[in-house]
Amino acid sequence: MALNRLVLNNFRNIGHGELDLAGRVSLFCGANGSGKTSLLEAVHMLASGRSFRSRQSQSVIRYEQPSLAVFGRLDSGITLGVEKRRDGQGRIRINQSAAESSSQLAACLPLQVINSESFSALDGGPSVRRQLLDWSVFHVEHSFSMHWKVYQSALKQRNAVLRRGKIDSNFLAPWEHQLLQSGEVVDALRRRVFDLLQSEFARRLQDLPSEVFADLKVSYRSGWKRELSLADALEGAREGDLEQGFTRVGPHRADLRFSIHGQPAHAVLSRGQQKMAVCALRTAMASVMDSGEKPVFLVDDLPSELDQTNQALFARWLRACASQVLVTGIEANTTAAPWLALDGPWGAPQMFHVEHGEITNVGYAADR
Ligand SMILES: Nc1ncnc2c1ncn2[C@@H]1O[C@H](COP(=O)(O)OP(=O)(O)OP(=O)(O)O)[C@@H](O)[C@H]1O
């Protein structure tokens, strides 16, 4: 799925922008504060209904304007629209009809983001990594979101009973039954997708220096002790859960662990090596999807932290798993270099110059 056309109104410092994205690779170059990241942020909003920088959509709306709007057309002909108002109201439209939820946007336009926040896959909390795994599970196993919703609603109900301190297990039984049924399915789907993800991740690590990356391992933690069934784990935890007032075991505590020689990977790898590990993970996530559903990648400031060899390697990984890439960088020649080494449409990036929120198409890098 690729984005052919993008129209923005009042998105941070971008008053109005209309872009036709023709190639596989679009590069947005310009000085600090010109609006490059805002443009990627707008695409993210189109694909998820929210910003990747701010929880408050009000802060994304251009100063002194009442609302923002982002519109996109995909190569399949599907149109997406997101509008946010300063009073907190908003609209999501798919093919000009109101959408029920923002997850419908994600199903239309799968997206991967590489930016300065991406390091949290290694050094952030478990919820970040759980969301990454679940992104893949959501796109590979289409029943996942239904089972996960049932699980989360049963978890909420069980936690509400625990907080009331009801020790009669009759109060917990119906929610535990639902929790077990949906939880076992969620775990099974995650395991299946994790196995695919792990082998794609390992394949990419083989392209990196073996003295460092041969020992980088990723493992899946289900959220309860490996040797127990979920039923036994819940039962064993019940007394402590009642004391604490919440459910301490289950798929909502799942995690991925990245380690080297038993140490957390972020404590061992250099910053550039961490970025390549994240790029390997994100491209592995993309490659486990059906080939017809390849995601769009947003890469904010590709050259930062990566030397030329790693930038070129990442560009090759992307070519194999992405439908389209939108990349930002400060300097045009540096940002274009890793792409110019590729063949075909990937080797002819479309260039945009960004200045004070104005976005100008300046042609193809190969022709300049
Ligand atoms: N709500 C808003 N309304 C208008 N301008 C805003 C708003 N929020 C942020 N800005 C401004 O928008 C500009 C664009 O920021 P952005 O992060 O997109 O720049 P950038 O080109 O990615 O810069 P850098 O190279 O420094 O990362 C900044 O000057 C910022 O101060």
# chains A, B, ... in the order shown; residues from 1 in each chain; ligands from 1
>>> residues_around(residues="Val268 in chain A", least_positions_apart="5", cutoff="12 Å", atoms="only C-alpha atoms", output="list in words")
Leu122, Asp123, Val212, Phe213, Asp215, Leu216, Phe258, Ser259, Ile260, His261, Gly262, Gln263, Gln273, Gln274 and Ala277 of chain A
>>> residues_near_ligand(ligand="ligand 1", cutoff="6 Å", atoms="only C-alpha atoms and all ligand atoms", output="PDB file with N, CA and C atoms, in the first residue's frame")
ATOM      1  N   ARG A  12       1.040  21.873  12.268  1.00  0.00           N
ATOM      2  CA  ARG A  12       2.191  22.596  12.844  1.00  0.00           C
ATOM      3  C   ARG A  12       2.533  23.813  11.962  1.00  0.00           C
ATOM      4  N   ASN A  13       3.783  23.913  11.473  1.00  0.00           N
ATOM      5  CA  ASN A  13       4.129  25.127  10.712  1.00  0.00           C
ATOM      6  C   ASN A  13       3.761  25.029   9.223  1.00  0.00           C
ATOM      7  N   ALA A  31      16.397  22.879   6.410  1.00  0.00           N
ATOM      8  CA  ALA A  31      17.085  23.258   7.653  1.00  0.00           C
ATOM      9  C   ALA A  31      16.300  22.812   8.888  1.00  0.00           C
ATOM     10  N   ASN A  32      16.960  22.910  10.045  1.00  0.00           N
ATOM     11  CA  ASN A  32      16.283  22.623  11.316  1.00  0.00           C
ATOM     12  C   ASN A  32      15.017  23.476  11.419  1.00  0.00           C
ATOM     13  N   GLY A  33      13.949  22.852  11.898  1.00  0.00           N
ATOM     14  CA  GLY A  33      12.714  23.601  12.147  1.00  0.00           C
ATOM     15  C   GLY A  33      11.938  23.967  10.903  1.00  0.00           C
ATOM     16  N   SER A  34      12.306  23.405   9.724  1.00  0.00           N
ATOM     17  CA  SER A  34      11.618  23.805   8.491  1.00  0.00           C
ATOM     18  C   SER A  34      10.259  23.119   8.340  1.00  0.00           C
ATOM     19  N   GLY A  35      10.071  21.953   8.985  1.00  0.00           N
ATOM     20  CA  GLY A  35       8.767  21.275   8.900  1.00  0.00           C
ATOM     21  C   GLY A  35       8.859  19.845   8.382  1.00  0.00           C
ATOM     22  N   LYS A  36      10.074  19.278   8.306  1.00  0.00           N
ATOM     23  CA  LYS A  36      10.253  17.927   7.744  1.00  0.00           C
ATOM     24  C   LYS A  36       9.575  16.873   8.622  1.00  0.00           C
ATOM     25  N   THR A  37       9.863  16.936   9.931  1.00  0.00           N
ATOM     26  CA  THR A  37       9.283  15.935  10.830  1.00  0.00           C
ATOM     27  C   THR A  37       7.768  16.107  10.897  1.00  0.00           C
ATOM     28  N   SER A  38       7.311  17.374  10.799  1.00  0.00           N
ATOM     29  CA  SER A  38       5.867  17.623  10.844  1.00  0.00           C
ATOM     30  C   SER A  38       5.173  16.904   9.691  1.00  0.00           C
ATOM     31  N   SER A  59      -1.738  20.476  20.243  1.00  0.00           N
ATOM     32  CA  SER A  59      -0.420  21.076  20.053  1.00  0.00           C
ATOM     33  C   SER A  59       0.071  20.926  18.611  1.00  0.00           C
ATOM     34  N   VAL A  60      -0.583  20.051  17.867  1.00  0.00           N
ATOM     35  CA  VAL A  60      -0.185  19.806  16.479  1.00  0.00           C
ATOM     36  C   VAL A  60      -0.878  20.797  15.530  1.00  0.00           C
ATOM     37  N   ILE A  61      -2.039  21.305  15.973  1.00  0.00           N
ATOM     38  CA  ILE A  61      -2.788  22.256  15.130  1.00  0.00           C
ATOM     39  C   ILE A  61      -1.993  23.556  15.040  1.00  0.00           C
ATOM     40  N   ARG A  62      -1.926  24.109  13.848  1.00  0.00           N
ATOM     41  CA  ARG A  62      -1.149  25.330  13.635  1.00  0.00           C
ATOM     42  C   ARG A  62      -1.621  26.435  14.584  1.00  0.00           C
ATOM     43  N   TYR A  63      -0.665  27.171  15.130  1.00  0.00           N
ATOM     44  CA  TYR A  63      -1.012  28.237  16.067  1.00  0.00           C
ATOM     45  C   TYR A  63      -2.135  29.102  15.499  1.00  0.00           C
TER      46      TYR A  63
END
>>> closest_atom_pairs(of="range 33-56 of chain A", to="range 89-96 of chain A", cutoff="10 Å", atoms="only C-alpha atoms", output="CSV")
residue,atom,partner,partner_atom,distance
A:Leu46,CA,A:Ile92,CA,8.7
A:Ser48,CA,A:Ile92,CA,9.7
A:Gly49,CA,A:Ile92,CA,7.3
>>> atom_distance(atom1="CA of Val299 in chain A", atom2="CA of Gly357 in chain A")
18.5 Å
>>> select_by_dssp(residues="range 130-300 of chain A", states="alpha helix (DSSP H)", output="short mmCIF file (atom, residue, chain, number, x, y, z; two decimals) with N, CA and C atoms, in the first residue's frame")
data_model
loop_
_atom_site.label_atom_id
_atom_site.label_comp_id
_atom_site.auth_asym_id
_atom_site.auth_seq_id
_atom_site.Cartn_x
_atom_site.Cartn_y
_atom_site.Cartn_z
N ARG A 130 5.90 -4.83 23.42
CA ARG A 130 4.65 -5.57 23.23
C ARG A 130 3.87 -4.98 22.06
N GLN A 131 3.84 -3.64 22.00
CA GLN A 131 3.12 -2.99 20.89
C GLN A 131 3.76 -3.31 19.54
N LEU A 132 5.09 -3.40 19.53
CA LEU A 132 5.77 -3.73 18.28
C LEU A 132 5.39 -5.14 17.82
N LEU A 133 5.45 -6.08 18.76
CA LEU A 133 5.08 -7.45 18.40
C LEU A 133 3.63 -7.47 17.94
N ASP A 134 2.77 -6.76 18.67
CA ASP A 134 1.34 -6.79 18.34
C ASP A 134 1.04 -6.11 17.01
N TRP A 135 1.88 -5.16 16.61
CA TRP A 135 1.70 -4.55 15.28
C TRP A 135 1.79 -5.66 14.23
N SER A 136 2.80 -6.51 14.36
CA SER A 136 2.97 -7.61 13.40
C SER A 136 1.82 -8.59 13.52
N VAL A 137 1.46 -8.93 14.76
CA VAL A 137 0.40 -9.93 14.94
C VAL A 137 -0.90 -9.40 14.33
N PHE A 138 -1.19 -8.10 14.57
CA PHE A 138 -2.40 -7.46 14.03
C PHE A 138 -2.44 -7.57 12.50
N HIS A 139 -1.28 -7.37 11.86
CA HIS A 139 -1.27 -7.37 10.40
C HIS A 139 -1.16 -8.78 9.80
N VAL A 140 -0.74 -9.75 10.59
CA VAL A 140 -0.58 -11.11 10.05
C VAL A 140 -1.77 -11.99 10.41
N PHE A 144 -6.60 -11.45 15.58
CA PHE A 144 -5.91 -11.06 16.82
C PHE A 144 -6.62 -9.91 17.55
N SER A 145 -7.00 -8.86 16.82
CA SER A 145 -7.52 -7.69 17.52
C SER A 145 -8.82 -8.02 18.26
N MET A 146 -9.61 -8.93 17.72
CA MET A 146 -10.85 -9.31 18.41
C MET A 146 -10.52 -10.03 19.74
N HIS A 147 -9.62 -11.01 19.69
CA HIS A 147 -9.26 -11.74 20.92
C HIS A 147 -8.59 -10.83 21.93
N TRP A 148 -7.77 -9.92 21.45
CA TRP A 148 -7.05 -9.00 22.34
C TRP A 148 -8.04 -8.05 23.03
N LYS A 149 -9.05 -7.62 22.28
CA LYS A 149 -10.07 -6.73 22.88
C LYS A 149 -10.85 -7.47 23.96
N VAL A 150 -11.22 -8.73 23.68
CA VAL A 150 -11.96 -9.53 24.68
C VAL A 150 -11.09 -9.70 25.92
N TYR A 151 -9.81 -9.99 25.70
CA TYR A 151 -8.90 -10.17 26.83
C TYR A 151 -8.83 -8.89 27.67
N GLN A 152 -8.65 -7.76 27.00
CA GLN A 152 -8.49 -6.49 27.74
C GLN A 152 -9.76 -6.13 28.50
N SER A 153 -10.91 -6.47 27.92
CA SER A 153 -12.14 -6.12 28.64
C SER A 153 -12.30 -7.04 29.86
N ALA A 154 -11.96 -8.34 29.73
CA ALA A 154 -12.04 -9.25 30.88
C ALA A 154 -11.04 -8.82 31.97
N LEU A 155 -9.88 -8.37 31.52
CA LEU A 155 -8.84 -7.91 32.47
C LEU A 155 -9.34 -6.70 33.27
N LYS A 156 -9.99 -5.80 32.57
CA LYS A 156 -10.52 -4.60 33.24
C LYS A 156 -11.54 -5.00 34.30
N GLN A 157 -12.41 -5.94 33.95
CA GLN A 157 -13.45 -6.38 34.89
C GLN A 157 -12.82 -7.10 36.08
N ARG A 158 -11.84 -7.97 35.81
CA ARG A 158 -11.20 -8.70 36.92
C ARG A 158 -10.51 -7.70 37.85
N ASN A 159 -9.82 -6.73 37.25
CA ASN A 159 -9.12 -5.74 38.08
C ASN A 159 -10.11 -4.93 38.92
N ALA A 160 -11.28 -4.64 38.35
CA ALA A 160 -12.29 -3.88 39.10
C ALA A 160 -12.74 -4.69 40.31
N VAL A 161 -12.93 -6.02 40.13
CA VAL A 161 -13.33 -6.88 41.27
C VAL A 161 -12.19 -6.93 42.29
N LEU A 162 -10.96 -7.07 41.81
CA LEU A 162 -9.81 -7.14 42.73
C LEU A 162 -9.71 -5.87 43.57
N ARG A 163 -9.96 -4.74 42.93
CA ARG A 163 -9.85 -3.46 43.66
C ARG A 163 -10.90 -3.34 44.75
N ARG A 164 -12.06 -4.02 44.51
CA ARG A 164 -13.10 -3.97 45.54
C ARG A 164 -12.78 -4.92 46.69
N SER A 169 -14.23 -16.23 45.27
CA SER A 169 -13.75 -16.44 43.90
C SER A 169 -14.89 -16.48 42.88
N ASN A 170 -16.14 -16.61 43.36
CA ASN A 170 -17.28 -16.58 42.42
C ASN A 170 -17.33 -15.27 41.66
N PHE A 171 -16.85 -14.21 42.30
CA PHE A 171 -16.88 -12.91 41.64
C PHE A 171 -15.85 -12.85 40.51
N LEU A 172 -14.77 -13.58 40.72
CA LEU A 172 -13.69 -13.53 39.72
C LEU A 172 -13.89 -14.55 38.60
N ALA A 173 -14.57 -15.64 38.93
CA ALA A 173 -14.63 -16.79 38.00
C ALA A 173 -15.06 -16.43 36.57
N PRO A 174 -16.16 -15.68 36.38
CA PRO A 174 -16.55 -15.44 34.97
C PRO A 174 -15.50 -14.67 34.19
N TRP A 175 -14.83 -13.71 34.85
CA TRP A 175 -13.82 -12.91 34.15
C TRP A 175 -12.56 -13.73 33.91
N GLU A 176 -12.25 -14.61 34.87
CA GLU A 176 -11.06 -15.45 34.68
C GLU A 176 -11.27 -16.44 33.53
N HIS A 177 -12.51 -16.92 33.42
CA HIS A 177 -12.83 -17.85 32.34
C HIS A 177 -12.58 -17.16 30.99
N GLN A 178 -13.11 -15.95 30.87
CA GLN A 178 -12.95 -15.19 29.63
C GLN A 178 -11.47 -14.82 29.39
N LEU A 179 -10.81 -14.48 30.49
CA LEU A 179 -9.39 -14.10 30.42
C LEU A 179 -8.55 -15.27 29.90
N LEU A 180 -8.88 -16.47 30.41
CA LEU A 180 -8.12 -17.66 30.02
C LEU A 180 -8.35 -17.99 28.55
N GLN A 181 -9.62 -17.98 28.17
CA GLN A 181 -9.93 -18.36 26.78
C GLN A 181 -9.27 -17.42 25.78
N SER A 182 -9.45 -16.11 26.00
CA SER A 182 -8.88 -15.15 25.04
C SER A 182 -7.36 -15.07 25.21
N GLY A 183 -6.89 -15.17 26.45
CA GLY A 183 -5.45 -15.06 26.74
C GLY A 183 -4.65 -16.16 26.07
N GLU A 184 -5.18 -17.39 26.08
CA GLU A 184 -4.46 -18.50 25.44
C GLU A 184 -4.35 -18.25 23.93
N VAL A 185 -5.43 -17.71 23.33
CA VAL A 185 -5.40 -17.47 21.88
C VAL A 185 -4.41 -16.34 21.56
N VAL A 186 -4.47 -15.26 22.36
CA VAL A 186 -3.55 -14.13 22.15
C VAL A 186 -2.11 -14.63 22.21
N ASP A 187 -1.81 -15.45 23.20
CA ASP A 187 -0.45 -15.95 23.36
C ASP A 187 -0.05 -16.85 22.18
N ALA A 188 -0.97 -17.70 21.75
CA ALA A 188 -0.64 -18.61 20.63
C ALA A 188 -0.38 -17.80 19.35
N LEU A 189 -1.20 -16.78 19.10
CA LEU A 189 -1.00 -15.97 17.89
C LEU A 189 0.32 -15.21 17.97
N ARG A 190 0.60 -14.67 19.15
CA ARG A 190 1.87 -13.94 19.30
C ARG A 190 3.07 -14.87 19.07
N ARG A 191 3.00 -16.08 19.63
CA ARG A 191 4.12 -17.02 19.46
C ARG A 191 4.34 -17.34 18.00
N ARG A 192 3.23 -17.56 17.28
CA ARG A 192 3.36 -17.93 15.87
C ARG A 192 4.06 -16.80 15.10
N VAL A 193 3.61 -15.57 15.34
CA VAL A 193 4.20 -14.45 14.60
C VAL A 193 5.61 -14.16 15.10
N PHE A 194 5.83 -14.35 16.40
CA PHE A 194 7.19 -14.12 16.92
C PHE A 194 8.19 -15.03 16.23
N ASP A 195 7.82 -16.30 15.99
CA ASP A 195 8.76 -17.23 15.35
C ASP A 195 9.17 -16.70 13.96
N LEU A 196 8.18 -16.17 13.23
CA LEU A 196 8.48 -15.61 11.90
C LEU A 196 9.41 -14.40 12.03
N LEU A 197 9.04 -13.56 13.00
CA LEU A 197 9.77 -12.31 13.21
C LEU A 197 11.23 -12.59 13.61
N GLN A 198 11.37 -13.55 14.50
CA GLN A 198 12.71 -13.89 15.00
C GLN A 198 13.61 -14.35 13.85
N SER A 199 13.05 -15.16 12.93
CA SER A 199 13.94 -15.65 11.87
C SER A 199 14.26 -14.54 10.87
N GLU A 200 13.31 -13.64 10.60
CA GLU A 200 13.61 -12.50 9.71
C GLU A 200 14.63 -11.56 10.36
N PHE A 201 14.50 -11.37 11.66
CA PHE A 201 15.43 -10.50 12.41
C PHE A 201 16.84 -11.10 12.33
N ALA A 202 16.94 -12.40 12.59
CA ALA A 202 18.25 -13.07 12.58
C ALA A 202 18.89 -12.99 11.18
N ARG A 203 18.05 -13.10 10.15
CA ARG A 203 18.56 -13.04 8.76
C ARG A 203 19.24 -11.69 8.50
N ARG A 204 18.61 -10.61 9.02
CA ARG A 204 19.19 -9.27 8.81
C ARG A 204 20.48 -9.09 9.61
N LEU A 205 20.51 -9.68 10.80
CA LEU A 205 21.72 -9.52 11.62
C LEU A 205 22.93 -10.13 10.94
N SER A 210 29.67 -9.71 12.45
CA SER A 210 29.30 -10.86 13.28
C SER A 210 29.90 -10.79 14.68
N GLU A 211 31.05 -10.09 14.81
CA GLU A 211 31.66 -10.06 16.15
C GLU A 211 30.76 -9.38 17.18
N VAL A 212 29.83 -8.58 16.70
CA VAL A 212 28.88 -7.93 17.61
C VAL A 212 27.50 -8.60 17.51
N PHE A 213 27.01 -8.74 16.28
CA PHE A 213 25.59 -9.05 16.10
C PHE A 213 25.28 -10.55 16.12
N LEU A 230 -1.39 -20.78 31.73
CA LEU A 230 -1.95 -19.48 32.13
C LEU A 230 -2.93 -19.68 33.30
N ALA A 231 -3.70 -20.80 33.23
CA ALA A 231 -4.68 -21.07 34.31
C ALA A 231 -3.96 -21.22 35.65
N ASP A 232 -2.87 -22.00 35.66
CA ASP A 232 -2.13 -22.20 36.91
C ASP A 232 -1.47 -20.91 37.37
N ALA A 233 -0.97 -20.14 36.43
CA ALA A 233 -0.30 -18.88 36.79
C ALA A 233 -1.31 -17.91 37.43
N LEU A 234 -2.51 -17.85 36.84
CA LEU A 234 -3.55 -16.94 37.39
C LEU A 234 -3.96 -17.39 38.79
N GLU A 235 -4.13 -18.71 38.91
CA GLU A 235 -4.56 -19.24 40.21
C GLU A 235 -3.49 -18.97 41.27
N GLY A 236 -2.23 -19.21 40.88
CA GLY A 236 -1.13 -19.01 41.83
C GLY A 236 -0.98 -17.55 42.24
N ALA A 237 -1.39 -16.65 41.33
CA ALA A 237 -1.18 -15.22 41.59
C ALA A 237 -2.39 -14.58 42.29
N ARG A 238 -3.49 -15.35 42.40
CA ARG A 238 -4.76 -14.73 42.84
C ARG A 238 -4.65 -14.02 44.18
N GLU A 239 -4.04 -14.70 45.14
CA GLU A 239 -3.96 -14.10 46.49
C GLU A 239 -3.20 -12.77 46.47
N GLY A 240 -2.05 -12.80 45.80
CA GLY A 240 -1.24 -11.57 45.70
C GLY A 240 -1.96 -10.49 44.89
N ASP A 241 -2.70 -10.93 43.86
CA ASP A 241 -3.46 -9.98 43.04
C ASP A 241 -4.50 -9.27 43.90
N LEU A 242 -5.14 -10.05 44.81
CA LEU A 242 -6.15 -9.44 45.69
C LEU A 242 -5.51 -8.40 46.60
N GLU A 243 -4.33 -8.73 47.08
CA GLU A 243 -3.61 -7.76 47.95
C GLU A 243 -3.24 -6.50 47.19
N GLN A 244 -2.77 -6.70 45.95
CA GLN A 244 -2.27 -5.57 45.17
C GLN A 244 -3.39 -4.81 44.44
N ARG A 271 25.36 3.52 19.94
CA ARG A 271 24.13 4.16 19.48
C ARG A 271 23.80 3.77 18.02
N GLY A 272 24.82 3.79 17.16
CA GLY A 272 24.61 3.41 15.76
C GLY A 272 24.23 1.94 15.64
N GLN A 273 24.87 1.09 16.46
CA GLN A 273 24.52 -0.34 16.44
C GLN A 273 23.09 -0.55 16.92
N GLN A 274 22.69 0.24 17.93
CA GLN A 274 21.29 0.13 18.40
C GLN A 274 20.33 0.51 17.28
N LYS A 275 20.69 1.58 16.56
CA LYS A 275 19.79 2.02 15.49
C LYS A 275 19.68 0.92 14.42
N MET A 276 20.79 0.27 14.09
CA MET A 276 20.73 -0.81 13.09
C MET A 276 19.92 -2.00 13.62
N ALA A 277 20.03 -2.28 14.92
CA ALA A 277 19.22 -3.37 15.49
C ALA A 277 17.73 -3.03 15.36
N VAL A 278 17.39 -1.75 15.61
CA VAL A 278 15.99 -1.31 15.50
C VAL A 278 15.54 -1.38 14.03
N CYS A 279 16.43 -0.96 13.12
CA CYS A 279 16.09 -1.03 11.69
C CYS A 279 15.89 -2.49 11.26
N ALA A 280 16.72 -3.38 11.79
CA ALA A 280 16.57 -4.82 11.47
C ALA A 280 15.23 -5.32 11.99
N LEU A 281 14.87 -4.90 13.19
CA LEU A 281 13.59 -5.33 13.76
C LEU A 281 12.41 -4.80 12.96
N ARG A 282 12.47 -3.49 12.65
CA ARG A 282 11.34 -2.87 11.94
C ARG A 282 11.17 -3.44 10.53
N THR A 283 12.28 -3.70 9.85
CA THR A 283 12.15 -4.27 8.51
C THR A 283 11.74 -5.75 8.60
N ALA A 284 12.15 -6.43 9.67
CA ALA A 284 11.69 -7.82 9.87
C ALA A 284 10.18 -7.82 10.09
N MET A 285 9.68 -6.84 10.87
CA MET A 285 8.24 -6.72 11.11
C MET A 285 7.50 -6.54 9.78
N ALA A 286 8.08 -5.72 8.92
CA ALA A 286 7.44 -5.47 7.62
C ALA A 286 7.45 -6.72 6.76
N SER A 287 8.53 -7.48 6.83
CA SER A 287 8.65 -8.60 5.90
C SER A 287 7.80 -9.80 6.29
#
